[in-house]
2 protein chains.
Amino acid sequence: MRLERRDWLEFALNALAIKGYGALKAQSLAKGIGVTRGSFYWHFESLEAFNAALIDYWSEHTTERLITGVSGAGAPLEQLERLIGQAMRSGADLERAVRSWATVDEGVANHVARVDARRIQFAADLLAALDVPKDEIGARSKMLYWAAIGRLMIPFPHENTLSDEDVTALVALFAKRDA
Amino acid sequence: MRLERRDWLEFALNALAIKGYGALKAQSLAKGIGVTRGSFYWHFESLEAFNAALIDYWSEHTTERLITGVSGAGAPLEQLERLIGQAMRSGADLERAVRSWATVDEGVANHVARVDARRIQFAADLLAALDVPKDEIGARSKMLYWAAIGRLMIPFPHENTLSDEDVTALVALFAKRDA
DNA sequence: CGTCTTCCATACATAAGTGTATGTTGAGTT
DNA sequence: AACTCAACATACACTTATGTATGGAAGACG
């Protein structure tokens with residue numbers, strides 16, 4: 001099987017989501033793909049370089065998902081519900097693994113921090129459009145986002161889901177105009 | 001230096017907080033303590049047994065902290081603020097590391113899930129004491145707790161702190177009586 | 001058809017880890 | 001003083017990992 005850089009990154013992203021960052025070894029990845037490390041070391045200078053490329057790849061991947069999946073169409077309240085809904089349901093494994101990875105790799109942490117900042121800003125803009133008091137937007141948007149992340153980082157998140165009504169109620173609470 | 005089981009667990013808990021679960025190797029721990037693996041394999045049957053003992057140790061450690069640190073004295077609103085404040089400030093490194101660990105070890109995940117359930121229940125009781133509508137308590141207590149965890153799992157949490165006023169405002173929002 | 005580049009395999013040196021079997025020491029105990 | 005046993009050291013076999021050097025195959029191309 002003739003591979004290119006991107007194939008390695010795709011496969012690694014999958015392995016990362018399933019087995020965690022401990023699976024990011026040239027050897028085990030090669031075994032999983034069905035080639036030897038010769039391929040790996042042709043496409044990437046070293047493990048470090050590979051890791052850097054992988055987290056870059058993830059950043060693009062996840063940013064694009066945010067833009068195409070949530071923003072754009074719909075009223076602010078709908079977008080907000082979609083944002084929370086999406087953050088609480090899909091892509092949990094990969095997000096968990098990346099965040100776990102970020103706790104032991106500063107480069108990864110930087111990328112994650114940038115992604116977080118963007119998503120929090122996105123939530124803040126929506127709250128602003130809903131006429132939430134200015135001095136509360138910062139705290140509420142952060143809290144909202146943290147809750148979404150926190151749920152992902154709880155073991156067995158699928159057993160810890162909020163119903164659609166719960167989500168609606170919470171979003172309404174956070175969109176409240178009065179302090 | 002003459003060691004016992006507990007010394008190993010204490011040292012490991014520290015290493016876990018600082019370097020993540022990747023540091024939980026008999027060899028590297030032994031090197032850090034200044035003994036050989038002979039000691040490790042005398043006190044513990046295997047790495048697996050050691051891991052199980054360690055996560056048990058953490059469970060007791062962290063449960064005790066909740067009980068003695070938050071519950072008991074003070075009005076419900078104060079306790080709630082203290083709960084959030086504590087969850088958002090101290091012990092971040094260890095909590096992060098354990099949660100990270102839980103993503104790749106089911107035994108650890110089970111322990112963490114039990115701890116989470118207890119803390120969420122604690123928050124729910126406080127909200128109930130504050131006359132929050134019954135059908136909202138479940139969602140709000142979870143959301144509150146998730147936010148605390150989420151903030152911990154965000155890179156550089158110390159750069160992402162809410163002010164005391166923000167915490168007060170948020171707690172007030174979550175303690176609202178009307179839907 | 002031959003050549004050049006791309007992609008992968010093989011082989012070697014080195015490091016870090018687990019587990020086990022067996023030797024060694026030092027503090028109590030009788 | 002001799003004994004015992006808990007606590008640690010040492011040595012061996014095995015596995016998995018990185019990185020590098022070099023050889024080989026398969027396409028692209030003039």
# chains A, B, ... in the order shown; residues from 1 in each chain; ligands from 1
$ closest_atom_pairs --of "chain A" --to "chain B" --cutoff "8 Å" --atoms "only C-alpha atoms" --output "tab-separated table"
residue	atom	partner	partner_atom	distance
A:Lys19	CA	B:Val104	CA	6.7
A:Gly20	CA	B:Val104	CA	6.3
A:Arg96	CA	B:Thr103	CA	7.2
A:Ala97	CA	B:Thr103	CA	7.2
A:Arg99	CA	B:Met153	CA	7.0
A:Ser100	CA	B:Ser100	CA	4.7
A:Trp101	CA	B:Ser100	CA	7.9
A:Ala102	CA	B:Pro155	CA	7.0
A:Thr103	CA	B:Ala97	CA	7.2
A:Val104	CA	B:Gly20	CA	6.3
A:Ala109	CA	B:Pro155	CA	5.5
A:Asn110	CA	B:Pro155	CA	7.4
A:Val112	CA	B:Pro155	CA	7.0
A:Ala113	CA	B:Pro155	CA	5.8
A:Asp116	CA	B:Ile154	CA	7.8
A:Glu136	CA	B:Asp166	CA	7.7
A:Ala139	CA	B:Asp166	CA	6.0
A:Arg140	CA	B:Leu170	CA	7.3
A:Met143	CA	B:Ala147	CA	5.7
A:Leu144	CA	B:Ala147	CA	7.1
A:Tyr145	CA	B:Ala147	CA	7.5
A:Trp146	CA	B:Gly150	CA	4.3
A:Ala147	CA	B:Ala147	CA	3.7
A:Ala148	CA	B:Gly150	CA	7.1
A:Ile149	CA	B:Gly150	CA	4.8
A:Gly150	CA	B:Gly150	CA	3.5
A:Arg151	CA	B:Trp146	CA	5.3
A:Met153	CA	B:Arg99	CA	7.0
A:Ile154	CA	B:Ala113	CA	7.0
A:Pro155	CA	B:Ala109	CA	5.5
A:Phe156	CA	B:Ala113	CA	7.9
A:Leu162	CA	B:Ala139	CA	6.8
A:Asp166	CA	B:Ala139	CA	6.0
A:Ala169	CA	B:Ala179	CA	7.7
A:Leu170	CA	B:Arg140	CA	7.3
A:Leu173	CA	B:Ala179	CA	7.4
A:Ala179	CA	B:Leu173	CA	7.5
$ write_last_selection --atoms "C-alpha atoms" --output "CSV table (one decimal), in the first residue's frame"
chain,number,residue,atom,x,y,z
A,19,LYS,CA,-6.5,4.2,22.3
A,20,GLY,CA,-5.3,7.6,23.5
A,96,ARG,CA,-11.0,13.5,25.1
A,97,ALA,CA,-7.8,12.0,23.8
A,99,ARG,CA,-7.2,17.0,25.8
A,100,SER,CA,-5.6,14.2,27.7
A,101,TRP,CA,-2.6,14.5,25.4
A,102,ALA,CA,-2.4,18.2,26.1
A,103,THR,CA,-1.8,17.6,29.8
A,104,VAL,CA,1.6,16.1,29.0
A,109,ALA,CA,-1.6,22.4,25.0
A,110,ASN,CA,-1.0,25.5,23.0
A,112,VAL,CA,-5.9,23.2,22.3
A,113,ALA,CA,-5.8,26.6,24.0
A,116,ASP,CA,-10.7,26.8,23.1
A,136,GLU,CA,-21.8,38.8,32.4
A,139,ALA,CA,-18.1,34.5,32.7
A,140,ARG,CA,-21.2,32.9,31.1
A,143,MET,CA,-18.8,28.6,31.9
A,144,LEU,CA,-21.0,27.3,29.1
A,145,TYR,CA,-18.0,26.1,27.2
A,146,TRP,CA,-16.3,24.6,30.2
A,147,ALA,CA,-19.4,22.6,30.9
A,148,ALA,CA,-19.4,21.1,27.5
A,149,ILE,CA,-15.7,20.2,27.8
A,150,GLY,CA,-16.2,18.9,31.4
A,151,ARG,CA,-18.9,16.6,30.3
A,153,MET,CA,-14.0,14.5,30.3
A,154,ILE,CA,-16.3,12.6,32.6
A,155,PRO,CA,-16.0,8.9,32.3
A,156,PHE,CA,-18.7,7.3,30.2
A,162,LEU,CA,-28.8,15.8,29.2
A,166,ASP,CA,-32.5,20.1,29.7
A,169,ALA,CA,-33.6,25.0,29.7
A,170,LEU,CA,-29.9,25.6,30.4
A,173,LEU,CA,-30.9,30.2,31.7
A,179,ALA,CA,-28.6,39.5,36.1
$ interface_residues --of "chain A" --to "chain D" --cutoff "12 Å" --atoms "only C-alpha atoms (C1' of nucleotides)" --output "MDAnalysis selection string"
chainID A and resid 1:2 22:29 37:38 40:42 44:48
$ interface_residues --of "chain C" --to "chain B" --cutoff "12 Å" --atoms "only C-alpha atoms (C1' of nucleotides)" --output "PyMOL selection string"
chain C and resi 16-23+25-27
$ residues_around --residues "Leu3 of chain B" --least-positions-apart "3" --cutoff "10 Å" --atoms "only C-alpha atoms (C1' of nucleotides)" --output "list in words"
Arg6, Asp7, Trp8, Ile33, Val35, Ser39, Phe40 and His43 of chain B; DA7 and DC8 of chain D
$ write_last_selection --atoms "N, CA and C atoms (P, O5', C5', C4', C3', O3' and C1' of nucleotides)" --output "CSV table (one decimal), in the first residue's frame"
chain,number,residue,atom,x,y,z
B,6,ARG,N,2.7,2.6,51.6
B,6,ARG,CA,2.2,4.0,51.5
B,6,ARG,C,3.2,5.0,50.9
B,7,ASP,N,4.4,4.8,51.2
B,7,ASP,CA,5.5,5.7,50.7
B,7,ASP,C,5.5,5.6,49.1
B,8,TRP,N,5.3,4.5,48.6
B,8,TRP,CA,5.3,4.3,47.2
B,8,TRP,C,4.1,5.0,46.6
B,33,ILE,N,12.7,7.6,43.6
B,33,ILE,CA,12.8,7.4,45.1
B,33,ILE,C,14.2,7.1,45.5
B,35,VAL,N,15.6,3.8,45.0
B,35,VAL,CA,15.8,2.4,45.3
B,35,VAL,C,15.7,1.7,44.0
B,39,SER,N,12.3,-3.3,45.6
B,39,SER,CA,11.3,-2.8,46.6
B,39,SER,C,9.9,-2.8,46.0
B,40,PHE,N,9.8,-2.3,44.8
B,40,PHE,CA,8.5,-2.2,44.2
B,40,PHE,C,7.8,-3.6,44.1
B,43,HIS,N,6.5,-4.9,47.5
B,43,HIS,CA,5.3,-4.3,48.0
B,43,HIS,C,4.1,-4.5,47.1
D,7,DA,P,8.5,-4.7,55.4
D,7,DA,O5',9.8,-4.4,54.5
D,7,DA,C5',10.9,-3.7,55.1
D,7,DA,C4',12.0,-3.6,54.2
D,7,DA,C3',11.7,-3.1,52.8
D,7,DA,O3',12.5,-2.0,52.5
D,7,DA,C1',13.0,-5.0,52.6
D,8,DC,P,12.3,-1.1,51.2
D,8,DC,O5',13.5,-1.7,50.3
D,8,DC,C5',14.8,-1.2,50.6
D,8,DC,C4',15.8,-2.2,49.9
D,8,DC,C3',16.0,-1.9,48.4
D,8,DC,O3',17.2,-1.2,48.2
D,8,DC,C1',16.0,-4.2,49.1
$ residues_around --residues "Leu83 of chain A" --least-positions-apart "2" --cutoff "10 Å" --atoms "only C-alpha atoms (C1' of nucleotides)" --output "MDAnalysis selection string"
chainID A and resid 66 69:71 77:81 85:88 119 122:123 145 148
$ write_last_selection --atoms "C-alpha atoms" --output "tab-separated table (two decimals), in the first residue's frame"
chain	number	residue	atom	x	y	z
A	66	LEU	CA	-16.99	24.31	14.11
A	69	GLY	CA	-21.32	22.67	11.60
A	70	VAL	CA	-22.55	25.45	13.83
A	71	SER	CA	-22.04	28.97	12.64
A	77	LEU	CA	-30.45	30.89	20.19
A	78	GLU	CA	-30.55	28.02	17.74
A	79	GLN	CA	-26.86	28.30	17.03
A	80	LEU	CA	-26.16	28.26	20.74
A	81	GLU	CA	-28.23	25.14	21.22
A	85	GLY	CA	-25.55	19.99	21.46
A	86	GLN	CA	-22.65	19.26	19.17
A	87	ALA	CA	-20.04	19.72	21.85
A	88	MET	CA	-21.98	17.35	24.07
A	119	ARG	CA	-14.92	28.54	20.52
A	122	PHE	CA	-17.93	32.22	19.36
A	123	ALA	CA	-20.20	31.54	22.32
A	145	TYR	CA	-17.96	26.08	27.17
A	148	ALA	CA	-19.36	21.13	27.46
$ atom_distance --atom1 "atom CA of Pro76 of chain A" --atom2 "atom CA of Leu126 of chain A"
5.5 Å
$ select_by_dssp --residues "segment 36-88 of chain A" --states "helix (DSSP H, G or I)" --output "ChimeraX atom specification"
/A:37-43,47-69,76-88
$ write_last_selection --atoms "C-alpha atoms" --output "PDB file, in the first residue's frame"
ATOM      1  CA  ARG A  37       8.714   2.216  10.178  1.00  0.00           C
ATOM      2  CA  GLY A  38      10.656   2.830   7.014  1.00  0.00           C
ATOM      3  CA  SER A  39       7.615   4.591   5.669  1.00  0.00           C
ATOM      4  CA  PHE A  40       7.166   6.620   8.840  1.00  0.00           C
ATOM      5  CA  TYR A  41      10.699   7.893   8.847  1.00  0.00           C
ATOM      6  CA  TRP A  42      10.495   8.754   5.221  1.00  0.00           C
ATOM      7  CA  HIS A  43       7.421  10.952   5.664  1.00  0.00           C
ATOM      8  CA  LEU A  47       8.325  11.413  16.332  1.00  0.00           C
ATOM      9  CA  GLU A  48       8.410  14.993  17.511  1.00  0.00           C
ATOM     10  CA  ALA A  49       7.888  16.294  14.010  1.00  0.00           C
ATOM     11  CA  PHE A  50       5.101  13.805  13.538  1.00  0.00           C
ATOM     12  CA  ASN A  51       3.372  14.910  16.701  1.00  0.00           C
ATOM     13  CA  ALA A  52       3.584  18.519  15.649  1.00  0.00           C
ATOM     14  CA  ALA A  53       2.117  17.692  12.258  1.00  0.00           C
ATOM     15  CA  LEU A  54      -0.647  15.670  13.856  1.00  0.00           C
ATOM     16  CA  ILE A  55      -1.806  18.346  16.247  1.00  0.00           C
ATOM     17  CA  ASP A  56      -1.743  20.845  13.397  1.00  0.00           C
ATOM     18  CA  TYR A  57      -3.902  18.497  11.400  1.00  0.00           C
ATOM     19  CA  TRP A  58      -6.306  18.175  14.299  1.00  0.00           C
ATOM     20  CA  SER A  59      -6.555  21.937  14.671  1.00  0.00           C
ATOM     21  CA  GLU A  60      -7.649  22.409  11.102  1.00  0.00           C
ATOM     22  CA  HIS A  61      -9.942  19.432  11.287  1.00  0.00           C
ATOM     23  CA  THR A  62     -11.748  20.653  14.366  1.00  0.00           C
ATOM     24  CA  THR A  63     -11.898  24.309  13.432  1.00  0.00           C
ATOM     25  CA  GLU A  64     -13.494  23.466  10.143  1.00  0.00           C
ATOM     26  CA  ARG A  65     -16.046  21.357  11.948  1.00  0.00           C
ATOM     27  CA  LEU A  66     -16.993  24.308  14.109  1.00  0.00           C
ATOM     28  CA  ILE A  67     -17.430  26.687  11.210  1.00  0.00           C
ATOM     29  CA  THR A  68     -19.352  24.414   8.875  1.00  0.00           C
ATOM     30  CA  GLY A  69     -21.316  22.666  11.601  1.00  0.00           C
ATOM     31  CA  PRO A  76     -28.455  32.998  17.762  1.00  0.00           C
ATOM     32  CA  LEU A  77     -30.449  30.893  20.186  1.00  0.00           C
ATOM     33  CA  GLU A  78     -30.554  28.017  17.738  1.00  0.00           C
ATOM     34  CA  GLN A  79     -26.860  28.302  17.034  1.00  0.00           C
ATOM     35  CA  LEU A  80     -26.165  28.257  20.738  1.00  0.00           C
ATOM     36  CA  GLU A  81     -28.234  25.137  21.220  1.00  0.00           C
ATOM     37  CA  ARG A  82     -26.495  23.544  18.278  1.00  0.00           C
ATOM     38  CA  LEU A  83     -23.093  24.500  19.655  1.00  0.00           C
ATOM     39  CA  ILE A  84     -23.812  22.933  23.014  1.00  0.00           C
ATOM     40  CA  GLY A  85     -25.554  19.986  21.459  1.00  0.00           C
ATOM     41  CA  GLN A  86     -22.649  19.260  19.170  1.00  0.00           C
ATOM     42  CA  ALA A  87     -20.045  19.715  21.846  1.00  0.00           C
ATOM     43  CA  MET A  88     -21.976  17.350  24.068  1.00  0.00           C
TER      44      MET A  88
END
$ atom_distance --atom1 "atom CA of Ala175 of chain B" --atom2 "atom CA of Asp164 of chain A"
21.1 Å
$ atom_distance --atom1 "atom CA of Ser141 of chain A" --atom2 "atom CA of Gly74 of chain A"
18.9 Å
$ residues_around --residues "Leu94 of chain A" --least-positions-apart "6" --cutoff "8 Å" --atoms "only C-alpha atoms (C1' of nucleotides)" --output "ChimeraX atom specification"
/A:13-14,16-18
$ write_last_selection --atoms "C-alpha atoms" --output "mmCIF file, in the first residue's frame"
data_model
loop_
_atom_site.group_PDB
_atom_site.id
_atom_site.type_symbol
_atom_site.label_atom_id
_atom_site.label_comp_id
_atom_site.auth_asym_id
_atom_site.auth_seq_id
_atom_site.Cartn_x
_atom_site.Cartn_y
_atom_site.Cartn_z
ATOM 1 C CA LEU A 13 -6.015 10.524 14.469
ATOM 2 C CA ASN A 14 -8.144 7.424 14.605
ATOM 3 C CA LEU A 16 -5.540 8.601 19.034
ATOM 4 C CA ALA A 17 -9.303 8.716 19.430
ATOM 5 C CA ILE A 18 -9.558 5.028 20.218
#
